[in-house]
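Below is one structure, written out as structure tokens; the observations come after it.
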Amino acid sequence: MTTATASAEKTTAAKTTVNPTSTTSTGVPARPENASAEEHIAALRRRLDEIDQKLIELWKERAAISHEVGQTRLAAGGTRLVLAREQEILNRFREALGSDGTQLALLLLRAGRGKLV
């Protein structure tokens, strides 16, 4: 076999082989041609689990930082919360995610400052 023939065969094989680690533009694993629906769903659920773990970690980090901001503000003689800042956050989430964004922002704010009485 010549070098050109071997190279052409590798190119053809590469075009027909699906990379099992390829992803879509959203980061979701692409479904390999030979994967069953169950395998694909399992792969997608693993990715969702990874995302959930990151969200949990970020949630905890955000709540801790927000709590520290509030404590620092109180120690400096300020108020427990700043309504203009909360409104800014609510607006940002609503613009990005719609009404669900507002609900998410309310939960995030409560996690950092506690419930309003």
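Order determines the names: the first chain of the structure tokens is A, the second B, and so forth; residues in each chain are numbered 1 upward, and ligands are numbered 1 upward as they are shown.
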Need the shell around region 50-67 of chain A: protein/DNA/RNA residues with any atom at most 8 Å away, counting only C-alpha atoms. Skip same-chain ones fewer than 6 positions apart. Format as a PDB file with N, CA and C atoms, in the first residue's frame?
ATOM      1  N   LEU A 108     -32.148  33.416  44.908  1.00  0.00           N
ATOM      2  CA  LEU A 108     -30.729  33.730  45.114  1.00  0.00           C
ATOM      3  C   LEU A 108     -30.552  34.827  46.156  1.00  0.00           C
ATOM      4  N   LEU A 109     -31.373  35.860  46.055  1.00  0.00           N
ATOM      5  CA  LEU A 109     -31.271  36.961  47.009  1.00  0.00           C
ATOM      6  C   LEU A 109     -31.582  36.484  48.425  1.00  0.00           C
ATOM      7  N   ALA A 111     -31.236  33.493  49.602  1.00  0.00           N
ATOM      8  CA  ALA A 111     -30.165  32.611  50.068  1.00  0.00           C
ATOM      9  C   ALA A 111     -29.011  33.412  50.648  1.00  0.00           C
ATOM     10  N   GLY A 112     -28.773  34.601  50.115  1.00  0.00           N
ATOM     11  CA  GLY A 112     -27.647  35.405  50.580  1.00  0.00           C
ATOM     12  C   GLY A 112     -27.954  36.282  51.771  1.00  0.00           C
ATOM     13  N   ARG A 113     -29.185  36.796  51.851  1.00  0.00           N
ATOM     14  CA  ARG A 113     -29.511  37.735  52.920  1.00  0.00           C
ATOM     15  C   ARG A 113     -30.488  37.175  53.941  1.00  0.00           C
TER      16      ARG A 113
END
Distance in Å - CA of Gln71 (chain A) versus CA of Leu104 (chain A): 22.8 Å
10 Å contact set for region 83-86 of chain A, only C-alpha atoms, chain neighbours under 5 positions out, as a PyMOL selection string: chain A and resi 91-92+105-106+109
Can those selected residues be exported to a file as a compact mmCIF listing (two decimals), in the first residue's frame so that it contains C-alpha atoms?
# COMPACT_ATOMS: atom_id res chain seq x y z
CA ASN A 91 -34.04 43.10 36.39
CA ARG A 92 -30.92 41.35 35.09
CA ALA A 105 -33.26 35.87 41.41
CA LEU A 106 -35.62 36.05 44.39
CA LEU A 109 -31.27 36.96 47.01
Å distance separating CA of Gly70 (chain A) from CA of Gly114 (chain A), one decimal place: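 Between these atoms lies a distance of 10.3 Å.
Taking CA of Asp49 (chain A) and CA of Glu68 (chain A) as endpoints, the distance between them is 28.8 Å.
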DSSP-assigned helix (DSSP H, G or I) members of chain A, reported as a PyMOL selection string: chain A and resi 3-16+37-75+83-97+99-113
Please dump the current selection as a CSV table (one decimal), in the first residue's frame; keep C-alpha atoms.
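For reference, out-v5.csv as written:
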chain,number,residue,atom,x,y,z
A,3,THR,CA,1.5,6.3,1.5
A,4,ALA,CA,-1.2,8.2,-0.5
A,5,THR,CA,-3.5,5.2,-0.4
A,6,ALA,CA,-3.0,4.8,3.4
A,7,SER,CA,-3.6,8.5,3.9
A,8,ALA,CA,-6.8,8.4,1.8
A,9,GLU,CA,-8.1,5.4,3.8
A,10,LYS,CA,-7.5,7.2,7.1
A,11,THR,CA,-9.3,10.3,5.8
A,12,THR,CA,-12.3,8.2,4.7
A,13,ALA,CA,-12.4,6.3,8.1
A,14,ALA,CA,-12.2,9.6,10.0
A,15,LYS,CA,-15.2,10.9,8.0
A,16,THR,CA,-17.4,7.9,8.8
A,37,ALA,CA,-31.8,6.1,22.8
A,38,GLU,CA,-31.2,4.8,26.3
A,39,GLU,CA,-27.4,5.3,26.0
A,40,HIS,CA,-28.0,8.8,24.6
A,41,ILE,CA,-30.4,9.7,27.4
A,42,ALA,CA,-27.9,8.3,30.0
A,43,ALA,CA,-25.2,10.5,28.5
A,44,LEU,CA,-27.4,13.6,28.6
A,45,ARG,CA,-28.4,12.9,32.2
A,46,ARG,CA,-24.8,12.6,33.2
A,47,ARG,CA,-24.2,16.0,31.6
A,48,LEU,CA,-27.2,17.4,33.5
A,49,ASP,CA,-25.8,16.0,36.7
A,50,GLU,CA,-22.5,17.8,36.1
A,51,ILE,CA,-24.4,21.1,35.4
A,52,ASP,CA,-26.4,20.6,38.6
A,53,GLN,CA,-23.3,20.1,40.7
A,54,LYS,CA,-21.8,23.3,39.3
A,55,LEU,CA,-25.0,25.2,40.0
A,56,ILE,CA,-25.0,23.9,43.6
A,57,GLU,CA,-21.4,25.0,44.1
A,58,LEU,CA,-22.0,28.4,42.5
A,59,TRP,CA,-25.2,28.8,44.6
A,60,LYS,CA,-23.3,28.2,47.8
A,61,GLU,CA,-20.5,30.5,46.8
A,62,ARG,CA,-22.8,33.3,45.8
A,63,ALA,CA,-24.8,33.0,49.1
A,64,ALA,CA,-21.6,33.1,51.2
A,65,ILE,CA,-20.3,36.2,49.3
A,66,SER,CA,-23.7,37.9,49.6
A,67,HIS,CA,-23.9,37.2,53.3
A,68,GLU,CA,-20.4,38.6,53.7
A,69,VAL,CA,-21.4,41.8,51.8
A,70,GLY,CA,-24.4,42.2,54.2
A,71,GLN,CA,-22.3,41.6,57.3
A,72,THR,CA,-19.6,44.1,56.1
A,73,ARG,CA,-22.3,46.7,55.3
A,74,LEU,CA,-23.9,46.3,58.7
A,75,ALA,CA,-20.5,46.5,60.5
A,83,LEU,CA,-33.1,47.7,47.6
A,84,ALA,CA,-31.7,49.3,44.5
A,85,ARG,CA,-29.1,46.6,44.2
A,86,GLU,CA,-31.7,43.9,44.6
A,87,GLN,CA,-33.8,45.5,41.9
A,88,GLU,CA,-30.8,45.6,39.6
A,89,ILE,CA,-30.3,41.8,40.1
A,90,LEU,CA,-34.0,41.1,39.6
A,91,ASN,CA,-34.0,43.1,36.4
A,92,ARG,CA,-30.9,41.4,35.1
A,93,PHE,CA,-32.4,37.9,35.7
A,94,ARG,CA,-35.8,38.9,34.3
A,95,GLU,CA,-34.3,40.3,31.1
A,96,ALA,CA,-32.2,37.2,30.6
A,97,LEU,CA,-34.7,34.5,31.6
A,99,SER,CA,-40.5,35.4,34.7
A,100,ASP,CA,-38.6,32.3,35.7
A,101,GLY,CA,-35.5,34.5,36.0
A,102,THR,CA,-37.3,36.8,38.5
A,103,GLN,CA,-38.2,33.7,40.6
A,104,LEU,CA,-34.6,32.5,40.4
A,105,ALA,CA,-33.3,35.9,41.4
A,106,LEU,CA,-35.6,36.1,44.4
A,107,LEU,CA,-34.4,32.7,45.6
A,108,LEU,CA,-30.7,33.7,45.1
A,109,LEU,CA,-31.3,37.0,47.0
A,110,ARG,CA,-33.0,35.2,49.9
A,111,ALA,CA,-30.2,32.6,50.1
A,112,GLY,CA,-27.6,35.4,50.6
A,113,ARG,CA,-29.5,37.7,52.9
